[in-house]
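The structure under discussion appears below in the form of structure tokens.
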Amino acid sequence: MGFRFKKSIKLMPGVKINISKKGLNSVSLGGKGASMNLGKKGRRTTVGIPGTGLSYTSTSKRRRTSTKRSSGGCGGLILLVVIVLVVIWLFF
């Protein structure tokens, strides 16, 4: 079993850099309810309802080759955001 080192530094509200023993690991943007983590392995986006434990996470692996990018489907994420906003509007 090896030792692990992880440090998170808050640069400003909603922006953090995450450092491991190998250097800069990732950058986190956002706060409660929605956040995006950009790192060496790709992007992780999380949307949730604070205080409920309900969340949705989407990951995108980083592309290694330079290829033509097509517009990706983000319909599921948009639908989840709309549902979360409707639930918040109905109950709060």
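Going by the structure tokens order, chains are called A, B, ..., each with residues numbered from 1, while ligands are numbered from 1 in the order shown.
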* What's the 6 Å shell around segment 23-26 of chain A, counting only C-alpha atoms, without same-chain residues fewer than 6 positions away, as a list in words? -> Ile17, Leu38 and Gly39 of chain A
* Asked: segment 8-15 of chain A: which residues within 6 Å, counting only C-alpha atoms, same-chain residues fewer than 3 positions away excluded, as an MDAnalysis selection string?
  -> chainID A and resid 18 28:31
What does the file look like for those residues with C-alpha atoms, as a CSV table (one decimal), in the first residue's frame?
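Generated file (selection16.csv):
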chain,number,residue,atom,x,y,z
A,18,ASN,CA,-6.2,20.1,-7.4
A,28,SER,CA,-12.6,22.4,-10.7
A,29,LEU,CA,-15.2,25.0,-11.7
A,30,GLY,CA,-18.6,25.5,-10.0
A,31,GLY,CA,-20.1,25.0,-6.6
* Any idea what's packed within 9 Å of Thr59 of chain A, counting only C-alpha atoms, ignoring anything in its chain fewer than 4 positions away? Could you give it as a list in words? ->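 So the residues in contact are Gly42, Arg43, Arg44, Thr45 and Thr46 of chain A.
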* Counting only C-alpha atoms, which of A:Arg63, A:Gly51, A:Lys21, A:Met36 gets nearest to Arg4 of chain A? ->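 Comparing A:Arg63, A:Gly51, A:Lys21, A:Met36 against Arg4 of chain A, the winner is A:Lys21.
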* atom CA of Lys41 of chain A and atom CA of Lys7 of chain A are how many Å apart? ->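 Rounded to one decimal, the two atoms are 18.0 Å apart.
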* Spatial neighbours of Phe5 of chain A, max dist 10 Å, only C-alpha atoms, sep filter under 5 positions, as a PyMOL selection string -> chain A and resi 19-22
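Using only C-alpha atoms, the shortest contact distance between Ile49 of chain A and any of A:Lys16, A:Arg62, A:Lys6, A:Lys32 is found at A:Lys32.
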* Rounded to one decimal place, report the atom CA of Val27 of chain A-atom CA of Lys40 of chain A distance in Å. => 9.8 Å
